[in-house]
$ cat query29.pdb   # PDB, C-alpha atoms
ATOM      1  CA  GLN A   1       7.996  12.260   5.543  1.00  0.00           C
ATOM      2  CA  LYS A   2       5.037  10.610   3.859  1.00  0.00           C
ATOM      3  CA  GLU A   3       5.534   9.696   0.209  1.00  0.00           C
ATOM      4  CA  VAL A   4       2.356  11.423  -0.969  1.00  0.00           C
ATOM      5  CA  GLU A   5       1.034  14.362   1.012  1.00  0.00           C
ATOM      6  CA  GLN A   6      -2.300  16.089   0.769  1.00  0.00           C
ATOM      7  CA  ASN A   7      -3.961  18.744   2.887  1.00  0.00           C
ATOM      8  CA  SER A   8      -6.457  16.730   4.901  1.00  0.00           C
ATOM      9  CA  GLY A   9      -8.968  19.563   4.929  1.00  0.00           C
ATOM     10  CA  PRO A  10     -11.791  19.726   5.320  1.00  0.00           C
ATOM     11  CA  LEU A  11     -12.083  22.141   2.424  1.00  0.00           C
ATOM     12  CA  SER A  12     -15.374  23.958   2.019  1.00  0.00           C
ATOM     13  CA  VAL A  13     -16.352  25.932  -1.059  1.00  0.00           C
ATOM     14  CA  PRO A  14     -19.676  27.487  -2.090  1.00  0.00           C
ATOM     15  CA  GLU A  15     -21.639  25.989  -4.958  1.00  0.00           C
ATOM     16  CA  GLY A  16     -20.382  27.311  -8.288  1.00  0.00           C
ATOM     17  CA  ALA A  17     -16.894  28.138  -6.996  1.00  0.00           C
ATOM     18  CA  ILE A  18     -13.586  26.581  -8.006  1.00  0.00           C
ATOM     19  CA  ALA A  19     -12.221  23.939  -5.642  1.00  0.00           C
ATOM     20  CA  SER A  20      -8.447  23.530  -5.640  1.00  0.00           C
ATOM     21  CA  LEU A  21      -6.876  20.348  -4.294  1.00  0.00           C
ATOM     22  CA  ASN A  22      -3.137  19.923  -3.922  1.00  0.00           C
ATOM     23  CA  CYS A  23      -0.721  17.022  -3.624  1.00  0.00           C
ATOM     24  CA  THR A  24       3.052  16.688  -3.311  1.00  0.00           C
ATOM     25  CA  TYR A  25       5.098  13.523  -3.712  1.00  0.00           C
ATOM     26  CA  SER A  26       8.594  12.559  -2.686  1.00  0.00           C
ATOM     27  CA  ASP A  27       9.714  10.007  -5.317  1.00  0.00           C
ATOM     28  CA  ARG A  28      11.261  11.824  -8.288  1.00  0.00           C
ATOM     29  CA  GLY A  29      10.982   8.636 -10.324  1.00  0.00           C
ATOM     30  CA  SER A  30       7.191   8.775 -10.241  1.00  0.00           C
ATOM     31  CA  GLN A  31       5.704   8.534 -13.702  1.00  0.00           C
ATOM     32  CA  SER A  32       1.929   8.360 -13.422  1.00  0.00           C
ATOM     33  CA  PHE A  33      -0.420  10.501 -11.382  1.00  0.00           C
ATOM     34  CA  PHE A  34      -4.067   9.986 -10.591  1.00  0.00           C
ATOM     35  CA  TRP A  35      -6.964  11.595  -8.788  1.00  0.00           C
ATOM     36  CA  TYR A  36      -9.659   9.432  -7.260  1.00  0.00           C
ATOM     37  CA  ARG A  37     -12.948  10.520  -5.748  1.00  0.00           C
ATOM     38  CA  GLN A  38     -14.316   8.554  -2.798  1.00  0.00           C
ATOM     39  CA  TYR A  39     -17.775   9.009  -1.369  1.00  0.00           C
ATOM     40  CA  SER A  40     -18.303   8.019   2.237  1.00  0.00           C
ATOM     41  CA  GLY A  41     -18.532   4.241   2.591  1.00  0.00           C
ATOM     42  CA  LYS A  42     -17.748   3.665  -1.107  1.00  0.00           C
ATOM     43  CA  SER A  43     -14.628   2.630  -3.002  1.00  0.00           C
ATOM     44  CA  PRO A  44     -12.331   5.058  -4.866  1.00  0.00           C
ATOM     45  CA  GLU A  45     -13.429   6.101  -8.350  1.00  0.00           C
ATOM     46  CA  LEU A  46     -10.844   7.212 -10.910  1.00  0.00           C
ATOM     47  CA  ILE A  47     -11.598  10.712 -12.206  1.00  0.00           C
ATOM     48  CA  MET A  48      -8.326  11.937 -13.747  1.00  0.00           C
ATOM     49  CA  SER A  49      -4.962  10.619 -14.841  1.00  0.00           C
ATOM     50  CA  ILE A  50      -1.967  12.714 -15.929  1.00  0.00           C
ATOM     51  CA  TYR A  51       1.456  11.612 -17.115  1.00  0.00           C
ATOM     52  CA  SER A  52       3.287  14.695 -18.420  1.00  0.00           C
ATOM     53  CA  ASN A  53       3.910  18.227 -17.203  1.00  0.00           C
ATOM     54  CA  GLY A  54       1.154  20.739 -17.801  1.00  0.00           C
ATOM     55  CA  ASP A  55      -2.610  20.738 -17.633  1.00  0.00           C
ATOM     56  CA  LYS A  56      -5.172  18.125 -18.590  1.00  0.00           C
ATOM     57  CA  GLU A  57      -8.830  19.040 -18.753  1.00  0.00           C
ATOM     58  CA  ASP A  58     -11.855  16.753 -18.654  1.00  0.00           C
ATOM     59  CA  GLY A  59     -15.179  18.501 -18.299  1.00  0.00           C
ATOM     60  CA  ARG A  60     -15.199  20.480 -15.051  1.00  0.00           C
ATOM     61  CA  PHE A  61     -11.967  18.855 -13.868  1.00  0.00           C
ATOM     62  CA  THR A  62      -8.423  20.035 -14.613  1.00  0.00           C
ATOM     63  CA  ALA A  63      -5.351  18.164 -13.404  1.00  0.00           C
ATOM     64  CA  GLN A  64      -2.025  20.002 -13.286  1.00  0.00           C
ATOM     65  CA  LEU A  65       1.380  18.358 -13.009  1.00  0.00           C
ATOM     66  CA  ASN A  66       4.754  19.938 -12.255  1.00  0.00           C
ATOM     67  CA  LYS A  67       7.401  17.235 -11.983  1.00  0.00           C
ATOM     68  CA  ALA A  68      10.195  19.691 -11.141  1.00  0.00           C
ATOM     69  CA  SER A  69       8.257  20.829  -8.073  1.00  0.00           C
ATOM     70  CA  GLN A  70       6.868  17.311  -7.456  1.00  0.00           C
ATOM     71  CA  TYR A  71       3.401  18.754  -7.330  1.00  0.00           C
ATOM     72  CA  VAL A  72       0.017  17.648  -8.657  1.00  0.00           C
ATOM     73  CA  SER A  73      -3.225  19.525  -8.344  1.00  0.00           C
ATOM     74  CA  LEU A  74      -6.891  19.100  -9.230  1.00  0.00           C
ATOM     75  CA  LEU A  75      -9.199  21.988  -9.999  1.00  0.00           C
ATOM     76  CA  ILE A  76     -12.953  21.493  -9.974  1.00  0.00           C
ATOM     77  CA  ARG A  77     -14.808  24.283 -11.710  1.00  0.00           C
ATOM     78  CA  ASP A  78     -18.456  25.163 -11.039  1.00  0.00           C
ATOM     79  CA  SER A  79     -18.436  22.967  -7.934  1.00  0.00           C
ATOM     80  CA  GLN A  80     -21.669  21.134  -7.171  1.00  0.00           C
ATOM     81  CA  PRO A  81     -22.922  19.629  -3.905  1.00  0.00           C
ATOM     82  CA  SER A  82     -22.535  16.224  -5.577  1.00  0.00           C
ATOM     83  CA  ASP A  83     -18.772  16.885  -5.711  1.00  0.00           C
ATOM     84  CA  SER A  84     -18.662  16.645  -1.909  1.00  0.00           C
ATOM     85  CA  ALA A  85     -16.373  13.695  -1.263  1.00  0.00           C
ATOM     86  CA  THR A  86     -12.817  12.787  -0.291  1.00  0.00           C
ATOM     87  CA  TYR A  87     -10.320  13.267  -3.105  1.00  0.00           C
ATOM     88  CA  LEU A  88      -7.329  10.950  -3.138  1.00  0.00           C
ATOM     89  CA  CYS A  89      -4.084  11.702  -4.947  1.00  0.00           C
ATOM     90  CA  ALA A  90      -2.196   8.599  -6.124  1.00  0.00           C
ATOM     91  CA  VAL A  91       1.229   8.182  -7.688  1.00  0.00           C
ATOM     92  CA  SER A  92       3.029   5.270  -9.343  1.00  0.00           C
ATOM     93  CA  GLY A  93       6.513   4.759 -10.681  1.00  0.00           C
ATOM     94  CA  SER A  94       8.325   1.837 -12.232  1.00  0.00           C
ATOM     95  CA  ALA A  95       6.610  -0.340  -9.652  1.00  0.00           C
ATOM     96  CA  ARG A  96       3.039  -0.605 -10.796  1.00  0.00           C
ATOM     97  CA  GLN A  97       1.281  -0.165  -7.503  1.00  0.00           C
ATOM     98  CA  LEU A  98      -0.250   3.111  -6.454  1.00  0.00           C
ATOM     99  CA  THR A  99       0.857   5.110  -3.440  1.00  0.00           C
ATOM    100  CA  PHE A 100      -1.985   7.184  -2.052  1.00  0.00           C
ATOM    101  CA  GLY A 101      -2.180  10.296   0.031  1.00  0.00           C
ATOM    102  CA  SER A 102      -4.565  10.412   2.968  1.00  0.00           C
ATOM    103  CA  GLY A 103      -7.113  12.370   0.971  1.00  0.00           C
ATOM    104  CA  THR A 104      -8.700  15.813   1.144  1.00  0.00           C
ATOM    105  CA  GLN A 105     -12.310  16.030   2.260  1.00  0.00           C
ATOM    106  CA  LEU A 106     -14.237  18.507   0.119  1.00  0.00           C
ATOM    107  CA  THR A 107     -17.629  19.946   1.027  1.00  0.00           C
ATOM    108  CA  VAL A 108     -19.536  22.050  -1.506  1.00  0.00           C
ATOM    109  CA  LEU A 109     -22.066  24.223   0.254  1.00  0.00           C
ATOM    110  CA  PRO A 110     -25.397  24.862  -1.537  1.00  0.00           C
TER     111      PRO A 110
ATOM    112  CA  ASP B 111     -21.708  -5.123 -15.195  1.00  0.00           C
ATOM    113  CA  THR B 112     -18.130  -5.355 -16.497  1.00  0.00           C
ATOM    114  CA  GLY B 113     -16.408  -3.641 -13.565  1.00  0.00           C
ATOM    115  CA  VAL B 114     -14.310  -5.173 -10.790  1.00  0.00           C
ATOM    116  CA  SER B 115     -16.422  -7.384  -8.555  1.00  0.00           C
ATOM    117  CA  GLN B 116     -15.627  -8.267  -4.943  1.00  0.00           C
ATOM    118  CA  ASN B 117     -17.300 -10.749  -2.626  1.00  0.00           C
ATOM    119  CA  PRO B 118     -18.464 -10.667   0.037  1.00  0.00           C
ATOM    120  CA  ARG B 119     -19.280  -6.989   0.528  1.00  0.00           C
ATOM    121  CA  HIS B 120     -19.248  -7.336   4.305  1.00  0.00           C
ATOM    122  CA  LYS B 121     -17.715  -9.909   6.623  1.00  0.00           C
ATOM    123  CA  ILE B 122     -17.926 -10.099  10.390  1.00  0.00           C
ATOM    124  CA  THR B 123     -15.690 -12.686  11.988  1.00  0.00           C
ATOM    125  CA  LYS B 124     -14.466 -13.642  15.396  1.00  0.00           C
ATOM    126  CA  ARG B 125     -10.856 -13.053  16.308  1.00  0.00           C
ATOM    127  CA  GLY B 126      -8.746 -16.055  15.425  1.00  0.00           C
ATOM    128  CA  GLN B 127     -10.914 -17.229  12.535  1.00  0.00           C
ATOM    129  CA  ASN B 128      -9.742 -17.398   8.922  1.00  0.00           C
ATOM    130  CA  VAL B 129     -11.444 -15.378   6.196  1.00  0.00           C
ATOM    131  CA  THR B 130     -11.179 -15.418   2.396  1.00  0.00           C
ATOM    132  CA  PHE B 131     -12.185 -12.688  -0.027  1.00  0.00           C
ATOM    133  CA  ARG B 132     -12.651 -12.983  -3.765  1.00  0.00           C
ATOM    134  CA  CYS B 133     -11.994 -10.470  -6.538  1.00  0.00           C
ATOM    135  CA  ASP B 134     -13.041 -10.755 -10.189  1.00  0.00           C
ATOM    136  CA  PRO B 135     -11.172  -8.134 -12.237  1.00  0.00           C
ATOM    137  CA  ILE B 136     -12.236  -6.463 -15.463  1.00  0.00           C
ATOM    138  CA  SER B 137     -11.912  -9.276 -17.985  1.00  0.00           C
ATOM    139  CA  GLU B 138      -9.224  -7.838 -20.261  1.00  0.00           C
ATOM    140  CA  HIS B 139      -7.056  -6.541 -17.398  1.00  0.00           C
ATOM    141  CA  ASN B 140      -3.916  -8.544 -16.695  1.00  0.00           C
ATOM    142  CA  ARG B 141      -2.894  -6.716 -13.537  1.00  0.00           C
ATOM    143  CA  LEU B 142      -4.655  -7.147 -10.217  1.00  0.00           C
ATOM    144  CA  TYR B 143      -3.954  -5.365  -6.935  1.00  0.00           C
ATOM    145  CA  TRP B 144      -5.078  -5.720  -3.349  1.00  0.00           C
ATOM    146  CA  TYR B 145      -5.198  -2.706  -1.040  1.00  0.00           C
ATOM    147  CA  ARG B 146      -6.382  -2.135   2.510  1.00  0.00           C
ATOM    148  CA  GLN B 147      -8.008   1.059   3.703  1.00  0.00           C
ATOM    149  CA  THR B 148      -8.750   2.181   7.265  1.00  0.00           C
ATOM    150  CA  LEU B 149     -10.843   5.162   8.272  1.00  0.00           C
ATOM    151  CA  GLY B 150      -9.322   8.507   7.386  1.00  0.00           C
ATOM    152  CA  GLN B 151      -6.452   7.007   5.396  1.00  0.00           C
ATOM    153  CA  GLY B 152      -5.775   6.386   1.760  1.00  0.00           C
ATOM    154  CA  PRO B 153      -5.637   2.826   0.438  1.00  0.00           C
ATOM    155  CA  GLU B 154      -2.453   0.982   1.393  1.00  0.00           C
ATOM    156  CA  PHE B 155      -0.850  -1.440  -1.076  1.00  0.00           C
ATOM    157  CA  LEU B 156      -0.804  -5.112  -0.100  1.00  0.00           C
ATOM    158  CA  THR B 157       0.110  -7.138  -3.175  1.00  0.00           C
ATOM    159  CA  TYR B 158       0.101  -7.170  -6.972  1.00  0.00           C
ATOM    160  CA  PHE B 159      -0.327  -9.819  -9.696  1.00  0.00           C
ATOM    161  CA  GLN B 160       0.488  -9.706 -13.355  1.00  0.00           C
ATOM    162  CA  ASN B 161      -1.490 -12.555 -14.860  1.00  0.00           C
ATOM    163  CA  GLU B 162      -1.006 -15.436 -12.400  1.00  0.00           C
ATOM    164  CA  ALA B 163       2.367 -14.258 -11.075  1.00  0.00           C
ATOM    165  CA  GLN B 164       2.515 -12.449  -7.746  1.00  0.00           C
ATOM    166  CA  LEU B 165       5.138  -9.811  -8.528  1.00  0.00           C
ATOM    167  CA  GLU B 166       5.144  -7.706  -5.419  1.00  0.00           C
ATOM    168  CA  LYS B 167       4.135  -7.976  -1.812  1.00  0.00           C
ATOM    169  CA  SER B 168       4.182  -5.166   0.739  1.00  0.00           C
ATOM    170  CA  ARG B 169       6.547  -5.469   3.677  1.00  0.00           C
ATOM    171  CA  LEU B 170       3.528  -4.577   5.770  1.00  0.00           C
ATOM    172  CA  LEU B 171       1.828  -7.836   4.774  1.00  0.00           C
ATOM    173  CA  SER B 172       2.245 -10.296   7.611  1.00  0.00           C
ATOM    174  CA  ASP B 173       2.627 -14.052   7.204  1.00  0.00           C
ATOM    175  CA  ARG B 174      -1.047 -14.419   8.070  1.00  0.00           C
ATOM    176  CA  PHE B 175      -1.992 -12.895   4.703  1.00  0.00           C
ATOM    177  CA  SER B 176      -1.832 -14.837   1.473  1.00  0.00           C
ATOM    178  CA  ALA B 177      -3.131 -14.110  -1.987  1.00  0.00           C
ATOM    179  CA  GLU B 178      -3.509 -16.206  -5.111  1.00  0.00           C
ATOM    180  CA  ARG B 179      -4.541 -15.710  -8.697  1.00  0.00           C
ATOM    181  CA  PRO B 180      -4.424 -19.286  -9.939  1.00  0.00           C
ATOM    182  CA  LYS B 181      -5.357 -18.908 -13.605  1.00  0.00           C
ATOM    183  CA  GLY B 182      -4.675 -15.240 -14.061  1.00  0.00           C
ATOM    184  CA  SER B 183      -8.366 -14.437 -13.715  1.00  0.00           C
ATOM    185  CA  PHE B 184      -9.993 -14.066 -10.294  1.00  0.00           C
ATOM    186  CA  SER B 185      -7.965 -13.657  -7.118  1.00  0.00           C
ATOM    187  CA  THR B 186      -8.442 -14.600  -3.481  1.00  0.00           C
ATOM    188  CA  LEU B 187      -7.036 -12.964  -0.376  1.00  0.00           C
ATOM    189  CA  GLU B 188      -6.951 -15.059   2.779  1.00  0.00           C
ATOM    190  CA  ILE B 189      -6.288 -13.815   6.279  1.00  0.00           C
ATOM    191  CA  GLN B 190      -5.486 -16.490   8.836  1.00  0.00           C
ATOM    192  CA  ARG B 191      -5.991 -16.113  12.584  1.00  0.00           C
ATOM    193  CA  THR B 192      -7.648 -12.724  12.234  1.00  0.00           C
ATOM    194  CA  GLU B 193      -6.890  -9.965  14.726  1.00  0.00           C
ATOM    195  CA  GLN B 194      -8.893  -6.868  15.594  1.00  0.00           C
ATOM    196  CA  GLY B 195      -6.269  -4.778  13.809  1.00  0.00           C
ATOM    197  CA  ASP B 196      -7.222  -6.504  10.558  1.00  0.00           C
ATOM    198  CA  SER B 197     -10.572  -4.699  10.572  1.00  0.00           C
ATOM    199  CA  ALA B 198     -10.572  -2.549   7.438  1.00  0.00           C
ATOM    200  CA  MET B 199     -11.919  -2.202   3.920  1.00  0.00           C
ATOM    201  CA  TYR B 200     -10.118  -4.580   1.568  1.00  0.00           C
ATOM    202  CA  LEU B 201     -10.053  -3.224  -1.955  1.00  0.00           C
ATOM    203  CA  CYS B 202      -9.228  -4.965  -5.185  1.00  0.00           C
ATOM    204  CA  ALA B 203      -8.274  -3.081  -8.340  1.00  0.00           C
ATOM    205  CA  SER B 204      -7.335  -4.093 -11.860  1.00  0.00           C
ATOM    206  CA  SER B 205      -5.532  -2.381 -14.710  1.00  0.00           C
ATOM    207  CA  SER B 206      -4.155  -2.944 -18.188  1.00  0.00           C
ATOM    208  CA  GLY B 207      -1.221  -1.279 -19.935  1.00  0.00           C
ATOM    209  CA  SER B 208      -2.380   2.244 -19.182  1.00  0.00           C
ATOM    210  CA  ASN B 209      -1.750   1.900 -15.422  1.00  0.00           C
ATOM    211  CA  GLU B 210      -5.212   3.312 -14.745  1.00  0.00           C
ATOM    212  CA  ALA B 211      -6.504   1.152 -11.918  1.00  0.00           C
ATOM    213  CA  PHE B 212     -10.202   0.605 -11.331  1.00  0.00           C
ATOM    214  CA  PHE B 213     -11.467  -0.470  -7.948  1.00  0.00           C
ATOM    215  CA  GLY B 214     -14.163  -2.901  -6.914  1.00  0.00           C
ATOM    216  CA  GLN B 215     -16.754  -2.100  -4.262  1.00  0.00           C
ATOM    217  CA  GLY B 216     -14.513  -3.469  -1.513  1.00  0.00           C
ATOM    218  CA  THR B 217     -15.024  -5.982   1.277  1.00  0.00           C
ATOM    219  CA  ARG B 218     -15.508  -4.477   4.710  1.00  0.00           C
ATOM    220  CA  LEU B 219     -14.048  -6.770   7.360  1.00  0.00           C
ATOM    221  CA  THR B 220     -14.954  -6.434  11.023  1.00  0.00           C
ATOM    222  CA  VAL B 221     -13.109  -8.624  13.514  1.00  0.00           C
ATOM    223  CA  VAL B 222     -14.895  -8.919  16.864  1.00  0.00           C
TER     224      VAL B 222
END
$ encode --input "query29.pdb" --output "structure tokens"
Amino acid sequence: QKEVEQNSGPLSVPEGAIASLNCTYSDRGSQSFFWYRQYSGKSPELIMSIYSNGDKEDGRFTAQLNKASQYVSLLIRDSQPSDSATYLCAVSGSARQLTFGSGTQLTVLP
Amino acid sequence: DTGVSQNPRHKITKRGQNVTFRCDPISEHNRLYWYRQTLGQGPEFLTYFQNEAQLEKSRLLSDRFSAERPKGSFSTLEIQRTEQGDSAMYLCASSSGSNEAFFGQGTRLTVV
């Protein structure tokens, strides 16, 4: 079982819709959770971090964390074609390094 | 530009040659990480420095890989006797106390 799992997609949503990206992790000691966006051929860009159970909102992005279910999600409201990218879920615990999922490829259709 | 800087951006080398990559982190960040990413996969941890100390090294990192951060500022990653399987994007990231890690542009290595 992989430590961080994401649906590989691809996920397609129409422009203006809500995109929902999901991630599960296996290490119950995980403390910090991150979402990165990666455009093709580019490096990952940090878009959200979340450390405690519940929701965290930043503009059109909402991260949700449920430690009991070992589940993290990212909602993108009013999706735009420029949101088309691969979204990487990353987790860290007492060890500082990040463990990444394989990413979910999102396409927003105009 | 005060972000993480990596050089070179691209490197093509012949199998068996040695290559060295450089990473300049965000200036106030004391932690520096190296990752490797292949197509269709998430970044894979290689090694981690806090200041000049190398605190962790992945079991996946073979003896041909070595990394240094001599004065706690920039870091180098060297791969000796490159193999075709080393072809990947090598990513450097830095962070401070918040654990939020910011990535450089990466170095794309192609071994022919």
$ resolve_selection --input "query29.pdb" --expression "the PyMOL selection byres ((chain B) within 8 of (chain A))" --output "short mmCIF file (atom, residue, chain, number, x, y, z; two decimals) with C-alpha atoms, keeping the file's coordinate frame"
data_model
loop_
_atom_site.label_atom_id
_atom_site.label_comp_id
_atom_site.auth_asym_id
_atom_site.auth_seq_id
_atom_site.Cartn_x
_atom_site.Cartn_y
_atom_site.Cartn_z
CA TYR B 143 -3.95 -5.36 -6.94
CA GLY B 150 -9.32 8.51 7.39
CA GLN B 151 -6.45 7.01 5.40
CA GLY B 152 -5.78 6.39 1.76
CA PRO B 153 -5.64 2.83 0.44
CA GLU B 154 -2.45 0.98 1.39
CA PHE B 155 -0.85 -1.44 -1.08
CA TYR B 158 0.10 -7.17 -6.97
CA LEU B 201 -10.05 -3.22 -1.96
CA ASN B 209 -1.75 1.90 -15.42
CA GLU B 210 -5.21 3.31 -14.74
CA ALA B 211 -6.50 1.15 -11.92
CA PHE B 212 -10.20 0.60 -11.33
CA PHE B 213 -11.47 -0.47 -7.95
CA GLY B 214 -14.16 -2.90 -6.91
CA GLN B 215 -16.75 -2.10 -4.26
CA GLY B 216 -14.51 -3.47 -1.51
#
$ atom_distance --input "query29.pdb" --atom1 "atom CA of A:Ile76" --atom2 "atom CA of A:Thr62"
6.6 Å
$ atom_distance --input "query29.pdb" --atom1 "atom CA of A:Arg60" --atom2 "atom CA of A:Leu75"
8.0 Å
$ axis_aligned_box --input "query29.pdb" --around "stretch 130-145 of chain B" --padding-each-side "8 Å" --output "AutoDock Vina command-line options"
--center_x -8.0 --center_y -9.1 --center_z -8.9 --size_x 26.1 --size_y 28.7 --size_z 38.7
$ atom_distance --input "query29.pdb" --atom1 "atom CA of A:Pro10" --atom2 "atom CA of B:Ser204"
29.7 Å
$ resolve_selection --input "query29.pdb" --expression "the PyMOL selection byres ((chain A and resi 79-81) around 7)" --output "MDAnalysis selection string"
chainID A and resid 15:19 76:78 82:84 108:110
$ residues_around --input "query29.pdb" --residues "A:Cys23" --least-positions-apart "2" --cutoff "6 Å" --atoms "all atoms listed in the file" --output "ChimeraX atom specification"
/A:5-6,71-73
$ closest_residue --input "query29.pdb" --among "A:Ala85, A:Val91, A:Asn53, A:Arg37" --to "A:Lys67" --atoms "only C-alpha atoms"
A:Asn53
